Amino acid sequence: MSLIWWVLPSISGVLGLILLFAGFGKLAGLKPFAGVARLAFGSGFLGLAGVIAFAGLNIQTYKRLTYERPVATVKFTAVSDQENAYRADVVFSDGQTFLQADGTAPVFRGNEWQIGAKVIKFKPMANILGYDSIYRLEHMRSLDAHQFSSDAVTEGKIDGIKIVPTEPGIDISDLAAKYGSRFGIDAEYGSATYQPMGDGYEFEISITQDALIARPTPGTREKIQEQSYPGFKPIGGSKK
């Protein structure tokens with residue numbers, strides 16, 4: 001995927017330069033109409049090369065997805081001197097870790113965590129032609145689920161941190177929202193998944209063609225079930 005975003009602007013740029021030199025040659029040969037036409041086309045191809053190059057720079061911040069693929073793993077460790085505070089060790093599918101600006105792992109407070117992504121989904125026919133949906137992780141945050149009530153709206157604290165702080169090049173998301181339907185884009189939207197947060201909890205995050213999914217590891221699933229149902233004992237297993 002990354003190679004095509006350099007090949008296309010290169011081809012367009014070469015064509016633009018050829019037409020520009022041909023245009024100057026026609027002007028030098030006292031053929032103004034042919035020269036101006038070639039200069040116009042050459043300038044257009046050079047402009048197209050620039051647009052494709054900047055679009056390619058931005059789209060590299062997104063990742064391809066085909067059906068369901070791994071996105072990241074998350075493991076929480078309790079902070080010893082703080083209540084309901086957990087340090088998140090996040091490792092992305094490419095091996096990189098999620099760190100704050102000061103180089104430390106982020107700390108979240110509460111009993112639930114959430115991770116969100118921006119998704120650009122193509123239409124089925126575009127998928128058949130090889131245009132799988134793309135995604136980019138945007139943020140991770142936590143909250144106290146007990147703050148929500150059916151009786152009243154309560155004020156609660158949310159800890160959050162952005163994963164992608166800036167938009168390099170051209171904002172593909174904005175272009176997709178405005179002109180995407182012309183190029184086979186079905187929808188541009190946000191997708192998020194959330195799970196309980198606790199000491200030693202570990203999750204595997206994946207993404208389908210449509211949405212993020214966070215699954216607890218087998219050990220974490222037992223911890224969650226045991227916390228919800230004291231005395232829980234998995235079928236076919238033994239409580240440790």
# chains A, B, ... in the order shown; residues from 1 in each chain; ligands from 1

$ residues_around --residues "region 11-21 of chain A" --least-positions-apart "2" --cutoff "9 Å" --atoms "only C-alpha atoms" --output "number ranges by chain"
A: 6-9, 23-26, 35, 38-50

$ write_last_selection --atoms "N, CA and C atoms" --output "CSV table (one decimal), in the first residue's frame"
chain,number,residue,atom,x,y,z
A,6,TRP,N,3.9,6.5,-3.6
A,6,TRP,CA,5.1,7.1,-4.1
A,6,TRP,C,5.3,6.9,-5.6
A,7,VAL,N,4.8,5.8,-6.1
A,7,VAL,CA,4.8,5.5,-7.6
A,7,VAL,C,3.9,6.4,-8.3
A,8,LEU,N,2.7,6.6,-7.9
A,8,LEU,CA,1.7,7.5,-8.6
A,8,LEU,C,2.2,8.9,-8.7
A,9,PRO,N,2.6,9.6,-7.6
A,9,PRO,CA,3.1,10.9,-7.8
A,9,PRO,C,4.4,11.0,-8.7
A,23,GLY,N,6.3,22.0,-23.9
A,23,GLY,CA,5.6,23.3,-24.1
A,23,GLY,C,6.6,24.4,-24.3
A,24,PHE,N,7.7,24.4,-23.5
A,24,PHE,CA,8.7,25.5,-23.8
A,24,PHE,C,9.4,25.3,-25.1
A,25,GLY,N,9.5,24.0,-25.6
A,25,GLY,CA,10.1,23.8,-26.9
A,25,GLY,C,9.1,24.4,-28.0
A,26,LYS,N,7.8,24.1,-27.8
A,26,LYS,CA,6.9,24.7,-28.8
A,26,LYS,C,6.9,26.2,-28.8
A,35,GLY,N,2.3,25.2,-27.5
A,35,GLY,CA,3.1,25.4,-26.3
A,35,GLY,C,2.3,25.7,-25.0
A,38,ARG,N,0.5,22.5,-23.8
A,38,ARG,CA,1.4,21.5,-23.1
A,38,ARG,C,1.8,22.1,-21.8
A,39,LEU,N,2.0,23.4,-21.7
A,39,LEU,CA,2.4,24.0,-20.4
A,39,LEU,C,1.2,23.8,-19.4
A,40,ALA,N,0.0,24.0,-19.9
A,40,ALA,CA,-1.2,23.8,-19.0
A,40,ALA,C,-1.3,22.4,-18.5
A,41,PHE,N,-1.2,21.4,-19.4
A,41,PHE,CA,-1.2,20.0,-19.0
A,41,PHE,C,-0.1,19.6,-18.1
A,42,GLY,N,1.1,20.2,-18.4
A,42,GLY,CA,2.3,19.8,-17.6
A,42,GLY,C,2.1,20.4,-16.2
A,43,SER,N,1.6,21.6,-16.0
A,43,SER,CA,1.3,22.2,-14.7
A,43,SER,C,0.3,21.4,-14.0
A,44,GLY,N,-0.7,20.9,-14.7
A,44,GLY,CA,-1.8,20.1,-14.0
A,44,GLY,C,-1.2,18.8,-13.5
A,45,PHE,N,-0.4,18.1,-14.3
A,45,PHE,CA,0.2,16.9,-13.8
A,45,PHE,C,1.1,17.1,-12.6
A,46,LEU,N,1.9,18.2,-12.6
A,46,LEU,CA,2.7,18.5,-11.5
A,46,LEU,C,1.9,18.7,-10.2
A,47,GLY,N,0.8,19.5,-10.4
A,47,GLY,CA,-0.1,19.7,-9.3
A,47,GLY,C,-0.7,18.5,-8.7
A,48,LEU,N,-1.1,17.6,-9.7
A,48,LEU,CA,-1.7,16.3,-9.2
A,48,LEU,C,-0.7,15.5,-8.5
A,49,ALA,N,0.6,15.5,-8.9
A,49,ALA,CA,1.6,14.8,-8.2
A,49,ALA,C,1.8,15.3,-6.8
A,50,GLY,N,1.7,16.6,-6.6
A,50,GLY,CA,1.8,17.1,-5.3
A,50,GLY,C,0.7,16.7,-4.4

$ closest_residue --among "A:Gln225, A:Glu202, A:Lys162, A:Asp89" --to "Ala101 (chain A)" --atoms "only C-alpha atoms"
A:Lys162

$ select_by_dssp --residues "region 76-153 of chain A" --states "strand (DSSP E or B)" --output "PyMOL selection string"
chain A and resi 76-78+85-92+97+107-109+112-122+134-143

$ closest_residue --among "A:Phe203, A:Tyr189, A:Phe76, A:Tyr86" --to "Gly110 (chain A)" --atoms "only C-alpha atoms"
A:Tyr86

$ atom_distance --atom1 "CA of Val51 (chain A)" --atom2 "CA of Tyr131 (chain A)"
19.8 Å

$ residues_around --residues "Thr208 (chain A)" --least-positions-apart "5" --cutoff "7 Å" --atoms "only C-alpha atoms" --output "list in words"
Tyr67, Glu68 and Arg69 of chain A

$ residues_around --residues "Met197 (chain A)" --least-positions-apart "3" --cutoff "6 Å" --atoms "only C-alpha atoms" --output "list in words"
Asn111, Glu112 and Trp113 of chain A

$ closest_residue --among "A:Glu188, A:Asp94, A:Thr77, A:Met140" --to "Lys123 (chain A)" --atoms "only C-alpha atoms"
A:Glu188

$ residues_around --residues "Gly190 (chain A)" --least-positions-apart "6" --cutoff "12 Å" --atoms "only C-alpha atoms" --output "list in words"
Ile115, Gly116, Ala117, Lys118, Val119, Ile120, Lys121, Ile134, Tyr135, Arg136, Leu137, Glu138, His139, Ser173, Asp210, Ala211 and Leu212 of chain A

$ write_last_selection --atoms "N, CA, C and O atoms" --output "tab-separated table (two decimals), in the first residue's frame"
chain	number	residue	atom	x	y	z
A	115	ILE	N	-10.59	2.29	24.10
A	115	ILE	CA	-9.69	2.71	23.04
A	115	ILE	C	-10.51	2.97	21.78
A	115	ILE	O	-11.45	2.22	21.49
A	116	GLY	N	-10.21	4.05	21.08
A	116	GLY	CA	-11.00	4.44	19.91
A	116	GLY	C	-10.15	4.64	18.68
A	116	GLY	O	-8.96	4.97	18.76
A	117	ALA	N	-10.76	4.42	17.52
A	117	ALA	CA	-10.06	4.56	16.25
A	117	ALA	C	-10.94	5.29	15.25
A	117	ALA	O	-12.17	5.30	15.37
A	118	LYS	N	-10.30	5.88	14.27
A	118	LYS	CA	-11.01	6.47	13.13
A	118	LYS	C	-10.95	5.45	12.00
A	118	LYS	O	-9.88	4.93	11.68
A	119	VAL	N	-12.10	5.15	11.40
A	119	VAL	CA	-12.20	4.12	10.37
A	119	VAL	C	-12.73	4.72	9.08
A	119	VAL	O	-13.69	5.50	9.09
A	120	ILE	N	-12.11	4.37	7.97
A	120	ILE	CA	-12.62	4.72	6.64
A	120	ILE	C	-12.97	3.40	5.95
A	120	ILE	O	-12.10	2.59	5.66
A	121	LYS	N	-14.27	3.18	5.73
A	121	LYS	CA	-14.76	1.91	5.21
A	121	LYS	C	-15.16	2.06	3.74
A	121	LYS	O	-15.89	2.98	3.38
A	134	ILE	N	-9.51	1.07	6.11
A	134	ILE	CA	-8.30	1.46	6.84
A	134	ILE	C	-8.70	2.08	8.17
A	134	ILE	O	-9.82	2.56	8.33
A	135	TYR	N	-7.80	2.03	9.13
A	135	TYR	CA	-8.10	2.57	10.45
A	135	TYR	C	-6.87	3.26	11.02
A	135	TYR	O	-5.74	3.04	10.56
A	136	ARG	N	-7.10	4.09	12.01
A	136	ARG	CA	-6.01	4.71	12.76
A	136	ARG	C	-6.45	4.89	14.20
A	136	ARG	O	-7.49	5.51	14.47
A	137	LEU	N	-5.70	4.34	15.14
A	137	LEU	CA	-6.02	4.52	16.55
A	137	LEU	C	-5.89	5.99	16.92
A	137	LEU	O	-4.91	6.64	16.57
A	138	GLU	N	-6.88	6.51	17.64
A	138	GLU	CA	-6.93	7.94	17.94
A	138	GLU	C	-6.69	8.26	19.42
A	138	GLU	O	-5.98	9.21	19.73
A	139	HIS	N	-7.30	7.49	20.34
A	139	HIS	CA	-7.20	7.85	21.75
A	139	HIS	C	-7.40	6.62	22.63
A	139	HIS	O	-7.89	5.59	22.18
A	173	SER	N	-9.18	12.03	6.32
A	173	SER	CA	-10.51	11.88	6.90
A	173	SER	C	-11.44	12.97	6.40
A	173	SER	O	-12.60	12.71	6.07
A	210	ASP	N	-15.16	-3.46	10.11
A	210	ASP	CA	-16.08	-2.44	10.59
A	210	ASP	C	-15.71	-1.82	11.93
A	210	ASP	O	-15.97	-0.65	12.15
A	211	ALA	N	-15.16	-2.60	12.86
A	211	ALA	CA	-15.06	-2.09	14.22
A	211	ALA	C	-13.93	-2.73	15.02
A	211	ALA	O	-13.42	-3.80	14.67
A	212	LEU	N	-13.56	-2.05	16.12
A	212	LEU	CA	-12.57	-2.57	17.06
A	212	LEU	C	-13.21	-3.61	17.99
A	212	LEU	O	-14.39	-3.51	18.32

$ atom_distance --atom1 "CA of Val71 (chain A)" --atom2 "CA of Ala55 (chain A)"
23.3 Å

$ residues_around --residues "Gln100 (chain A)" --least-positions-apart "5" --cutoff "10 Å" --atoms "only C-alpha atoms" --output "list of chain:residue names"
A:Ala105, A:Pro106, A:Val107, A:Ile161, A:Lys162, A:Ile163

$ write_last_selection --atoms "C-alpha atoms" --output "compact mmCIF listing (two decimals), in the first residue's frame"
# COMPACT_ATOMS: atom_id res chain seq x y z
CA ALA A 105 3.53 4.46 30.34
CA PRO A 106 0.18 6.26 30.84
CA VAL A 107 -1.74 5.85 34.10
CA ILE A 161 -4.61 10.59 26.04
CA LYS A 162 -4.38 11.02 22.26
CA ILE A 163 -2.46 8.42 20.29

$ residues_around --residues "region 90-93 of chain A" --least-positions-apart "2" --cutoff "8 Å" --atoms "only C-alpha atoms" --output "list in words"
Pro70, Val71, Ala72, Thr73, Val74, Lys75, Ala88, Gly95, Gln96, Thr97 and Phe98 of chain A

$ write_last_selection --atoms "N, CA and C atoms" --output "PDB file, in the first residue's frame"
ATOM      1  N   PRO A  70      -4.854  -8.352  14.289  1.00  0.00           N
ATOM      2  CA  PRO A  70      -4.464  -7.798  15.589  1.00  0.00           C
ATOM      3  C   PRO A  70      -4.084  -6.327  15.500  1.00  0.00           C
ATOM      4  N   VAL A  71      -4.431  -5.583  16.536  1.00  0.00           N
ATOM      5  CA  VAL A  71      -4.122  -4.154  16.614  1.00  0.00           C
ATOM      6  C   VAL A  71      -3.128  -3.872  17.731  1.00  0.00           C
ATOM      7  N   ALA A  72      -3.391  -4.413  18.928  1.00  0.00           N
ATOM      8  CA  ALA A  72      -2.516  -4.136  20.068  1.00  0.00           C
ATOM      9  C   ALA A  72      -2.850  -5.078  21.215  1.00  0.00           C
ATOM     10  N   THR A  73      -1.968  -5.118  22.202  1.00  0.00           N
ATOM     11  CA  THR A  73      -2.242  -5.804  23.462  1.00  0.00           C
ATOM     12  C   THR A  73      -2.114  -4.780  24.588  1.00  0.00           C
ATOM     13  N   VAL A  74      -2.952  -4.921  25.605  1.00  0.00           N
ATOM     14  CA  VAL A  74      -2.967  -3.983  26.729  1.00  0.00           C
ATOM     15  C   VAL A  74      -2.913  -4.777  28.030  1.00  0.00           C
ATOM     16  N   LYS A  75      -2.027  -4.386  28.914  1.00  0.00           N
ATOM     17  CA  LYS A  75      -1.955  -5.012  30.237  1.00  0.00           C
ATOM     18  C   LYS A  75      -1.905  -3.918  31.297  1.00  0.00           C
ATOM     19  N   ALA A  88      -0.848   1.385  32.196  1.00  0.00           N
ATOM     20  CA  ALA A  88      -1.199   0.618  30.996  1.00  0.00           C
ATOM     21  C   ALA A  88       0.041   0.375  30.144  1.00  0.00           C
ATOM     22  N   GLY A  95       4.890  -3.689  17.116  1.00  0.00           N
ATOM     23  CA  GLY A  95       5.924  -3.805  18.134  1.00  0.00           C
ATOM     24  C   GLY A  95       6.205  -2.529  18.904  1.00  0.00           C
ATOM     25  N   GLN A  96       5.657  -1.394  18.462  1.00  0.00           N
ATOM     26  CA  GLN A  96       5.868  -0.140  19.158  1.00  0.00           C
ATOM     27  C   GLN A  96       5.008  -0.072  20.408  1.00  0.00           C
ATOM     28  N   THR A  97       5.483   0.681  21.400  1.00  0.00           N
ATOM     29  CA  THR A  97       4.747   0.840  22.652  1.00  0.00           C
ATOM     30  C   THR A  97       4.121   2.221  22.733  1.00  0.00           C
ATOM     31  N   PHE A  98       3.042   2.316  23.486  1.00  0.00           N
ATOM     32  CA  PHE A  98       2.307   3.571  23.654  1.00  0.00           C
ATOM     33  C   PHE A  98       2.837   4.267  24.907  1.00  0.00           C
TER      34      PHE A  98
END

$ atom_distance --atom1 "CA of Ser206 (chain A)" --atom2 "CA of Gly219 (chain A)"
18.2 Å
